[in-house]
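Colleague: Sharing upload_38.cif below, mmCIF, C-alpha atoms:
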```
data_data
#
loop_
_atom_site.label_atom_id
_atom_site.label_comp_id
_atom_site.auth_asym_id
_atom_site.auth_seq_id
_atom_site.Cartn_x
_atom_site.Cartn_y
_atom_site.Cartn_z
CA MET A 25 -33.42 52.09 -3.16
CA SER A 26 -30.45 51.16 -0.99
CA MET A 27 -30.79 50.18 2.63
CA LYS A 28 -29.71 52.56 5.33
CA GLU A 29 -26.49 51.51 7.08
CA ILE A 30 -25.49 52.33 10.63
CA SER A 31 -22.48 51.40 12.73
CA ALA A 32 -22.84 48.88 15.54
CA ALA A 33 -21.79 51.53 18.09
CA THR A 34 -24.52 53.91 16.91
CA PHE A 35 -27.03 51.08 16.85
CA LYS A 36 -26.15 50.19 20.43
CA ALA A 37 -26.62 53.78 21.58
CA GLN A 38 -29.93 54.29 19.72
CA CYS A 39 -31.30 50.75 19.61
CA LEU A 40 -34.89 51.37 20.75
CA THR A 41 -35.35 54.42 18.53
CA LEU A 42 -33.94 52.60 15.50
CA MET A 43 -36.15 49.54 16.09
CA GLU A 44 -39.23 51.77 16.26
CA ASN A 45 -38.16 53.50 13.07
CA VAL A 46 -37.80 50.17 11.23
CA ARG A 47 -41.21 49.10 12.53
CA SER A 48 -42.98 52.29 11.48
CA THR A 49 -41.26 52.85 8.10
CA ARG A 50 -41.07 49.12 7.21
CA ARG A 51 -37.54 49.80 5.84
CA PRO A 52 -34.67 47.45 6.84
CA LEU A 53 -31.50 48.71 8.49
CA VAL A 54 -28.03 47.24 7.91
CA ILE A 55 -25.72 47.26 10.94
CA THR A 56 -22.01 47.49 10.18
CA LYS A 57 -18.81 46.87 12.11
CA ARG A 58 -15.69 48.54 10.77
CA GLY A 59 -17.61 49.35 7.59
CA LYS A 60 -18.63 45.74 6.87
CA PRO A 61 -22.26 44.57 7.13
CA ILE A 62 -22.76 42.18 10.04
CA ALA A 63 -26.52 42.18 10.61
CA LYS A 64 -29.80 43.40 9.16
CA LEU A 65 -32.76 44.62 11.20
CA VAL A 66 -35.99 43.99 9.30
CA PRO A 67 -39.63 44.56 10.22
CA LEU A 68 -41.80 41.56 10.99
CA ASP A 69 -44.46 40.66 8.48
CA ALA A 70 -47.64 42.57 9.24
CA PRO A 71 -50.14 40.28 11.00
CA LYS A 72 -53.13 39.38 8.91
CA ASP A 73 -56.31 40.71 10.41
CA GLU A 74 -58.77 38.68 8.41
CA PHE A 75 -62.09 38.03 10.09
CA ILE A 76 -63.26 35.29 7.75
CA GLY A 77 -61.45 32.06 8.54
CA ARG A 78 -59.92 33.37 11.78
CA LEU A 79 -61.15 30.38 13.80
CA LYS A 80 -60.33 27.72 11.21
CA GLY A 81 -59.07 24.66 13.03
CA VAL A 82 -60.08 25.98 16.47
CA PHE A 83 -63.43 24.20 16.62
CA GLU A 84 -65.54 21.87 14.52
CA VAL A 85 -69.15 22.43 13.46
CA VAL A 86 -71.15 19.21 13.71
CA GLY A 87 -74.56 19.06 12.06
CA GLU A 88 -76.44 21.83 10.31
CA LEU A 89 -76.23 25.32 11.74
CA ASP A 90 -79.61 26.37 10.32
CA ALA A 91 -81.52 23.27 11.49
CA ASP A 92 -84.44 23.71 13.90
CA PRO A 93 -83.65 22.91 17.54
CA PRO A 94 -84.99 19.65 18.97
CA GLU A 95 -88.63 19.70 20.17
CA ALA A 96 -87.64 18.78 23.71
CA TRP A 97 -85.67 21.98 24.22
CA GLU A 98 -85.42 22.92 27.89
CA SER A 99 -84.07 26.07 29.44
CA SER A 100 -82.49 26.41 32.86
CA PHE A 101 -84.50 29.62 33.49
#
```
Take the structure in the file and write it out as structure tokens.
Modeller:
Amino acid sequence: MSMKEISAATFKAQCLTLMENVRSTRRPLVITKRGKPIAKLVPLDAPKDEFIGRLKGVFEVVGELDADPPEAWESSF
């Protein structure tokens, strides 16, 4: 599968549409000037949406999470 090529002038005129197309199809686009490749527009890596491990390094758990609370527990209510 070869990459689609487009001239710099066409890219300039249709930039936003072409960027959306690359984002949605995940297919790179080669931009040419006088028939020679000068740049490549590629989609960003898809963000990982993993729930497990999402907060790794954000906070630290100290002690046991399933331990009973202290006897002298007081509420502000």
Colleague: Report the residues retrieved by the PyMOL selection byres ((chain A and resi 46-56) around 7) from the displayed file, expressed as an mmCIF file with C-alpha atoms, in the coordinates of the input.
Modeller:
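Dumped everything to result-v3.cif:
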```cif
data_model
loop_
_atom_site.group_PDB
_atom_site.id
_atom_site.type_symbol
_atom_site.label_atom_id
_atom_site.label_comp_id
_atom_site.auth_asym_id
_atom_site.auth_seq_id
_atom_site.Cartn_x
_atom_site.Cartn_y
_atom_site.Cartn_z
ATOM 1 C CA MET A 27 -30.790 50.180 2.630
ATOM 2 C CA LYS A 28 -29.710 52.560 5.330
ATOM 3 C CA GLU A 29 -26.490 51.510 7.080
ATOM 4 C CA ILE A 30 -25.490 52.330 10.630
ATOM 5 C CA SER A 31 -22.480 51.400 12.730
ATOM 6 C CA ALA A 32 -22.840 48.880 15.540
ATOM 7 C CA LEU A 42 -33.940 52.600 15.500
ATOM 8 C CA MET A 43 -36.150 49.540 16.090
ATOM 9 C CA GLU A 44 -39.230 51.770 16.260
ATOM 10 C CA ASN A 45 -38.160 53.500 13.070
ATOM 11 C CA LYS A 57 -18.810 46.870 12.110
ATOM 12 C CA ARG A 58 -15.690 48.540 10.770
ATOM 13 C CA GLY A 59 -17.610 49.350 7.590
ATOM 14 C CA LYS A 60 -18.630 45.740 6.870
ATOM 15 C CA PRO A 61 -22.260 44.570 7.130
ATOM 16 C CA ILE A 62 -22.760 42.180 10.040
ATOM 17 C CA ALA A 63 -26.520 42.180 10.610
ATOM 18 C CA LYS A 64 -29.800 43.400 9.160
ATOM 19 C CA LEU A 65 -32.760 44.620 11.200
ATOM 20 C CA VAL A 66 -35.990 43.990 9.300
ATOM 21 C CA PRO A 67 -39.630 44.560 10.220
#
```
Colleague: When you draw a straight line from atom CA of A:Phe83 to atom CA of A:Asp69, how long is it in Å?
Modeller: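 Distance between the two atoms: 26.4 Å.
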Colleague: Enter the distance from atom CA of A:Asp92 to atom CA of A:Arg78, in Å, rounded to one decimal.
Modeller: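 Separation between atom CA of A:Asp92 and atom CA of A:Arg78: 26.4 Å.
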Colleague: What is the atom CA of A:Glu74 to atom CA of A:Gly87 distance in Å?
Modeller: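 Between atom CA of A:Glu74 and atom CA of A:Gly87 the gap is 25.4 Å.
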Colleague: Taking N, CA and C atoms as the atom set, what does stretch 54-84 of chain A look like once completed, written as an mmCIF file, in the frame of the given file?
Modeller:
```
data_model
loop_
_atom_site.group_PDB
_atom_site.id
_atom_site.type_symbol
_atom_site.label_atom_id
_atom_site.label_comp_id
_atom_site.auth_asym_id
_atom_site.auth_seq_id
_atom_site.Cartn_x
_atom_site.Cartn_y
_atom_site.Cartn_z
ATOM 1 N N VAL A 54 -29.227 48.070 7.883
ATOM 2 C CA VAL A 54 -28.030 47.240 7.910
ATOM 3 C C VAL A 54 -27.099 47.776 9.000
ATOM 4 N N ILE A 55 -26.628 46.884 9.858
ATOM 5 C CA ILE A 55 -25.720 47.260 10.940
ATOM 6 C C ILE A 55 -24.314 46.821 10.535
ATOM 7 N N THR A 56 -23.376 47.762 10.633
ATOM 8 C CA THR A 56 -22.010 47.490 10.180
ATOM 9 C C THR A 56 -21.027 47.526 11.345
ATOM 10 N N LYS A 57 -19.923 46.842 11.149
ATOM 11 C CA LYS A 57 -18.810 46.870 12.110
ATOM 12 C C LYS A 57 -17.546 47.064 11.280
ATOM 13 N N ARG A 58 -16.870 48.161 11.544
ATOM 14 C CA ARG A 58 -15.690 48.540 10.770
ATOM 15 C C ARG A 58 -16.000 48.636 9.276
ATOM 16 N N GLY A 59 -17.206 49.132 8.978
ATOM 17 C CA GLY A 59 -17.610 49.350 7.590
ATOM 18 C C GLY A 59 -18.140 48.136 6.866
ATOM 19 N N LYS A 60 -18.140 46.963 7.515
ATOM 20 C CA LYS A 60 -18.630 45.740 6.870
ATOM 21 C C LYS A 60 -19.978 45.336 7.473
ATOM 22 N N PRO A 61 -20.943 44.990 6.632
ATOM 23 C CA PRO A 61 -22.260 44.570 7.130
ATOM 24 C C PRO A 61 -22.142 43.321 7.993
ATOM 25 N N ILE A 62 -22.781 43.356 9.165
ATOM 26 C CA ILE A 62 -22.760 42.180 10.040
ATOM 27 C C ILE A 62 -24.164 41.690 10.397
ATOM 28 N N ALA A 63 -25.153 42.571 10.268
ATOM 29 C CA ALA A 63 -26.520 42.180 10.610
ATOM 30 C C ALA A 63 -27.502 43.080 9.874
ATOM 31 N N LYS A 64 -28.751 42.594 9.782
ATOM 32 C CA LYS A 64 -29.800 43.400 9.160
ATOM 33 C C LYS A 64 -31.026 43.343 10.059
ATOM 34 N N LEU A 65 -31.544 44.510 10.396
ATOM 35 C CA LEU A 65 -32.760 44.620 11.200
ATOM 36 C C LEU A 65 -33.906 44.837 10.224
ATOM 37 N N VAL A 66 -34.861 43.917 10.233
ATOM 38 C CA VAL A 66 -35.990 43.990 9.300
ATOM 39 C C VAL A 66 -37.293 43.974 10.086
ATOM 40 N N PRO A 67 -38.335 44.603 9.541
ATOM 41 C CA PRO A 67 -39.630 44.560 10.220
ATOM 42 C C PRO A 67 -40.263 43.186 10.087
ATOM 43 N N LEU A 68 -41.044 42.802 11.084
ATOM 44 C CA LEU A 68 -41.800 41.560 10.990
ATOM 45 C C LEU A 68 -42.894 41.723 9.961
ATOM 46 N N ASP A 69 -43.334 40.607 9.389
ATOM 47 C CA ASP A 69 -44.460 40.660 8.480
ATOM 48 C C ASP A 69 -45.676 41.174 9.238
ATOM 49 N N ALA A 70 -46.440 42.035 8.602
ATOM 50 C CA ALA A 70 -47.640 42.570 9.240
ATOM 51 C C ALA A 70 -48.613 41.426 9.503
ATOM 52 N N PRO A 71 -49.183 41.355 10.708
ATOM 53 C CA PRO A 71 -50.140 40.280 11.000
ATOM 54 C C PRO A 71 -51.390 40.444 10.152
ATOM 55 N N LYS A 72 -51.896 39.341 9.687
ATOM 56 C CA LYS A 72 -53.130 39.380 8.910
ATOM 57 C C LYS A 72 -54.292 39.541 9.870
ATOM 58 N N ASP A 73 -55.156 40.466 9.565
ATOM 59 C CA ASP A 73 -56.310 40.710 10.410
ATOM 60 C C ASP A 73 -57.583 40.359 9.652
ATOM 61 N N GLU A 74 -57.618 39.130 9.172
ATOM 62 C CA GLU A 74 -58.770 38.680 8.410
ATOM 63 C C GLU A 74 -59.799 38.080 9.344
ATOM 64 N N PHE A 75 -61.025 38.547 9.241
ATOM 65 C CA PHE A 75 -62.090 38.030 10.090
ATOM 66 C C PHE A 75 -62.560 36.660 9.613
ATOM 67 N N ILE A 76 -62.787 36.553 8.316
ATOM 68 C CA ILE A 76 -63.260 35.290 7.750
ATOM 69 C C ILE A 76 -62.134 34.264 7.841
ATOM 70 N N GLY A 77 -62.422 33.135 8.435
ATOM 71 C CA GLY A 77 -61.450 32.060 8.540
ATOM 72 C C GLY A 77 -60.545 32.170 9.757
ATOM 73 N N ARG A 78 -60.777 33.154 10.606
ATOM 74 C CA ARG A 78 -59.920 33.370 11.780
ATOM 75 C C ARG A 78 -59.915 32.168 12.720
ATOM 76 N N LEU A 79 -61.048 31.488 12.848
ATOM 77 C CA LEU A 79 -61.150 30.380 13.800
ATOM 78 C C LEU A 79 -60.993 29.013 13.139
ATOM 79 N N LYS A 80 -60.505 28.996 11.908
ATOM 80 C CA LYS A 80 -60.330 27.720 11.210
ATOM 81 C C LYS A 80 -59.392 26.815 12.015
ATOM 82 N N GLY A 81 -59.867 25.616 12.282
ATOM 83 C CA GLY A 81 -59.070 24.660 13.030
ATOM 84 C C GLY A 81 -59.209 24.769 14.535
ATOM 85 N N VAL A 82 -59.918 25.794 15.026
ATOM 86 C CA VAL A 82 -60.080 25.980 16.470
ATOM 87 C C VAL A 82 -61.232 25.122 16.994
ATOM 88 N N PHE A 83 -62.313 25.044 16.216
ATOM 89 C CA PHE A 83 -63.430 24.200 16.620
ATOM 90 C C PHE A 83 -64.044 23.559 15.389
ATOM 91 N N GLU A 84 -64.921 22.606 15.620
ATOM 92 C CA GLU A 84 -65.540 21.870 14.520
ATOM 93 C C GLU A 84 -67.044 22.006 14.619
#
```
